[in-house]
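Structure, as structure tokens:
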Number of protein chains: 2
Amino acid sequence: MTRPEQRRRTAKQRILQAADDLFYNEGIHTVGIDRVIARAGVAKGSLYYSFAGKDDLVRDYLTHRHGKWAERVTAGIDAHTEPRARILAVYDVLGTLFAQPDYRGCAFMNATAEAAPDSVEAHAATTFRAWVHTLFLDLATDVGTGDPKQLAETLVLLYDGAVATAQMDKAPEAARTARRTAELILDNAGIPSASA
Amino acid sequence: MTRPEQRRRTAKQRILQAADDLFYNEGIHTVGIDRVIARAGVAKGSLYYSFAGKDDLVRDYLTHRHGKWAERVTAGIDAHTEPRARILAVYDVLGTLFAQPDYRGCAFMNATAEAAPDSVEAHAATTFRAWVHTLFLDLATDVGTGDPKQLAETLVLLYDGAVATAQMDKAPEAARTARRTAELILDNAGIPSASA
DNA sequence: ACGACGCTAGACGGATCTGTCTAAATAAGC
DNA sequence: GCTTATTTAGACAGATCCGTCTAGCGTCGT
């Protein structure tokens with residue numbers, strides 16, 4: 001067993017970190033194995049010792065992205081108790097994401113853009129989307145008014161819109177626009193700001 | 001001079017057509033020159049006779065996409081005279097786009113996802129986005145109520161959201177969701193359905 | 001009839017990319 | 001201390017990909 005607090009991170013971890021940086025910033029197809037191992041400061045053999053191949057590395061890259069993002073969103077939501085506030089919190093988390101100077105859009109949208117129909121990327125994107133939908137459907141159900149399914153659909157659309165606009169225009173304020181629109185929708189669905 | 005109504009289309013046209021199909025459906029990086037000429041039924045020399053290189057072909061591919069889409073949207077808008085109806089028409093055109101069985105998202109979003117910062121794709125995407133923004137800003141200005149800039153921002157976000165959701169979920173109904181939300185926003189901005 | 005233009009077929013070079021393999025050094029566990 | 005797991009450096013094979021080049025065929029304008 002490797003000690004949990006060892007001085008240098010394991011080769012696998014460094015590879016995954018390097019892959020995360022490069023794949024996200026430059027695209028999966030664009031970045032070759034050699035770039036990854038060079039940045040990780042690792043021998044090529046180490047990569048094929050820890051991963052079955054590039055596809056396997058890509059899968060891990062996307063799985064980790066999914067996990068990290070789900071954590072962050074869940075944390076943002078759970079800071080609030082009211083259904084309305086919990087919904088709006090998602091767009092605030094998006095705002096903090098967009099504010100990062102190296103933001104380059106949703107890893108899963110980007111992966112889908114360069115993915116073949118049955119590729120690893122496509123499958124990872126499908127699971128990610130399922131998560132997005134259950135997330136908003138649960139949040140929409142909690143408000144207890146109107147049609148949750150339709151509300152969730154609209155919230156997803158605002159989520160996707162914020163992500164896409166922020167990427168295409170390098171416009172972090174898209175998160176606020178989405179939030180404002182979500183508020184308007186909730187108002188019209190009869191969910192007031194604070195239950196008195 | 002070649003006669004304008006010749007039996008077979010010119011090599012350049014066939015190449016551009018093949019590139020359009022392949023680049024859009026499978027991604028620009030994924031598709032090689034050899035695939036393009038094979039599908040076009042053309043010799044490799046013809047490609048480099050008509051185009052300076054792959055980048056040049058990519059540029060033409062994106063420029064054509066831009067032109068075709070702008071035509072289609074403008075036609076949809078110009079079928080109406082009232083500012084509100086002209087705005088909503090955009091989302092209806094999106095609906096017809098999403099309904100196409102081979103819809104695979106916005107060519108410019110996909111290109112951006114796999115593009116390097118200063119690439120041909122990035123530049124084409126920038127011009128495309130400028131067009132999108134002036135489109136909605138003009139439409140928003142025509143309603144003459146509230147802040148056109150803020151209205152335009154929201155409409156762009158709904159546009160992007162519809163496009164992204166439709167692609168990721170293969171959900172053509174995203175166009176209707178976006179349209180419904182746009183109506184709600186216009187109502188709240190004091191733009192009624194029909195000026196009485 | 002002749003020359004310019006558009007196009008063909010395919011070989012070729014050089015670069016790059018994924019993955020394998022060898023041989024040996026280092027670290028960890030028992 | 002001995003064994004097993006992890007890691008290294010780099011050569012190598014096979015595929016693919018972009019672009020060039022040669023040699024030649026057909027068509028059209030003049």
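How things are named: the first chain in the structure tokens is A, the next is B, and so on; residues count from 1 in each chain; ligands count from 1 in the order shown.
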Within 9 Å of chain B, which residues of chain A are there when counting only C-alpha atoms? Please give them as JSON, numbers by chain. {"A": [25, 26, 27, 28, 29, 30, 104, 105, 107, 108, 109, 110, 111, 112, 113, 114, 115, 116, 117, 125, 126, 129, 150, 153, 154, 156, 157, 158, 159, 160, 161, 162, 163, 164, 165, 167, 168, 169, 174, 177, 178, 181, 184, 185, 188]}
Could you work out which residues of chain D fall inside 8 Å of chain B? Count only C-alpha atoms (C1' of nucleotides), and format the result as a list in words.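 My answer is DC17, DC18, DG19, DC28 and DG29 of chain D.
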Residues of chain C within 9 Å of chain B, counting only C-alpha atoms (C1' of nucleotides), as a list in words: DG6, DC7, DT8 and DA9 of chain C
Go ahead and save the picked residues with N, CA and C atoms (P, O5', C5', C4', C3', O3' and C1' of nucleotides), as a short mmCIF file (atom, residue, chain, number, x, y, z; two decimals), in the first residue's frame.
```cif
data_model
loop_
_atom_site.label_atom_id
_atom_site.label_comp_id
_atom_site.auth_asym_id
_atom_site.auth_seq_id
_atom_site.Cartn_x
_atom_site.Cartn_y
_atom_site.Cartn_z
P DG C 6 -9.76 26.81 -64.16
"O5'" DG C 6 -10.21 25.27 -64.07
"C5'" DG C 6 -11.31 24.83 -64.85
"C4'" DG C 6 -11.39 23.32 -64.81
"C3'" DG C 6 -11.36 22.73 -63.39
"O3'" DG C 6 -12.53 21.96 -63.21
"C1'" DG C 6 -9.82 21.61 -64.83
P DC C 7 -12.78 21.24 -61.78
"O5'" DC C 7 -12.02 19.85 -61.92
"C5'" DC C 7 -12.42 18.96 -62.95
"C4'" DC C 7 -11.42 17.85 -63.13
"C3'" DC C 7 -11.09 17.04 -61.86
"O3'" DC C 7 -11.90 15.88 -61.84
"C1'" DC C 7 -9.23 17.32 -63.39
P DT C 8 -11.62 14.76 -60.70
"O5'" DT C 8 -10.52 13.82 -61.35
"C5'" DT C 8 -10.77 13.19 -62.60
"C4'" DT C 8 -9.65 12.21 -62.91
"C3'" DT C 8 -9.30 11.28 -61.74
"O3'" DT C 8 -9.39 9.94 -62.15
"C1'" DT C 8 -7.34 12.33 -62.62
P DA C 9 -9.69 8.80 -61.08
"O5'" DA C 9 -8.31 8.04 -60.92
"C5'" DA C 9 -7.55 7.67 -62.08
"C4'" DA C 9 -6.13 7.36 -61.65
"C3'" DA C 9 -6.02 6.75 -60.25
"O3'" DA C 9 -5.48 5.44 -60.36
"C1'" DA C 9 -4.47 8.54 -60.55
#
```
All residues 10 Å or closer to region 12-16 of chain D, only C-alpha atoms (C1' of nucleotides), same chain fewer than 5 positions away omitted, as a ChimeraX atom specification: /B:32,34 /C:16-21
Could you give me the residues within chain A that DSSP places in alpha helix (DSSP H), as a ChimeraX atom specification? /A:11-26,33-40,44-50,54-78,83-99,107-113,120-143,148-169,174-188
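Residue nearest Leu137 (chain A) within the list A:His64, A:Ser119, A:Ile87, A:Gln100: A:Ile87 [criterion: smallest interatomic distance, only C-alpha atoms].
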Interatomic distance between CA of Thr127 (chain B) and CA of Leu139 (chain B)? 18.5 Å
Compile the contact shell of Gly41 (chain B) as a ChimeraX atom specification: residues with an atom at most 10 Å away, counting only C-alpha atoms (C1' of nucleotides), same-chain residues fewer than 6 positions apart removed. /B:11,14-15,18,35
Measuring between only C-alpha atoms, which one of A:Arg39, A:Thr134, A:Pro172, A:Arg9 shows the shortest distance to Ala99 (chain A)?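 Selected residue with least distance to Ala99 (chain A): A:Pro172.
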Could you tell me how far CA of Asp55 (chain A) lies from CA of Val73 (chain A), in Å and to one decimal?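 Computing the Euclidean distance for CA of Asp55 (chain A) and CA of Val73 (chain A) yields 26.9 Å.
Between CA of Val36 (chain B) and CA of Leu57 (chain B) there is a distance of 10.3 Å.
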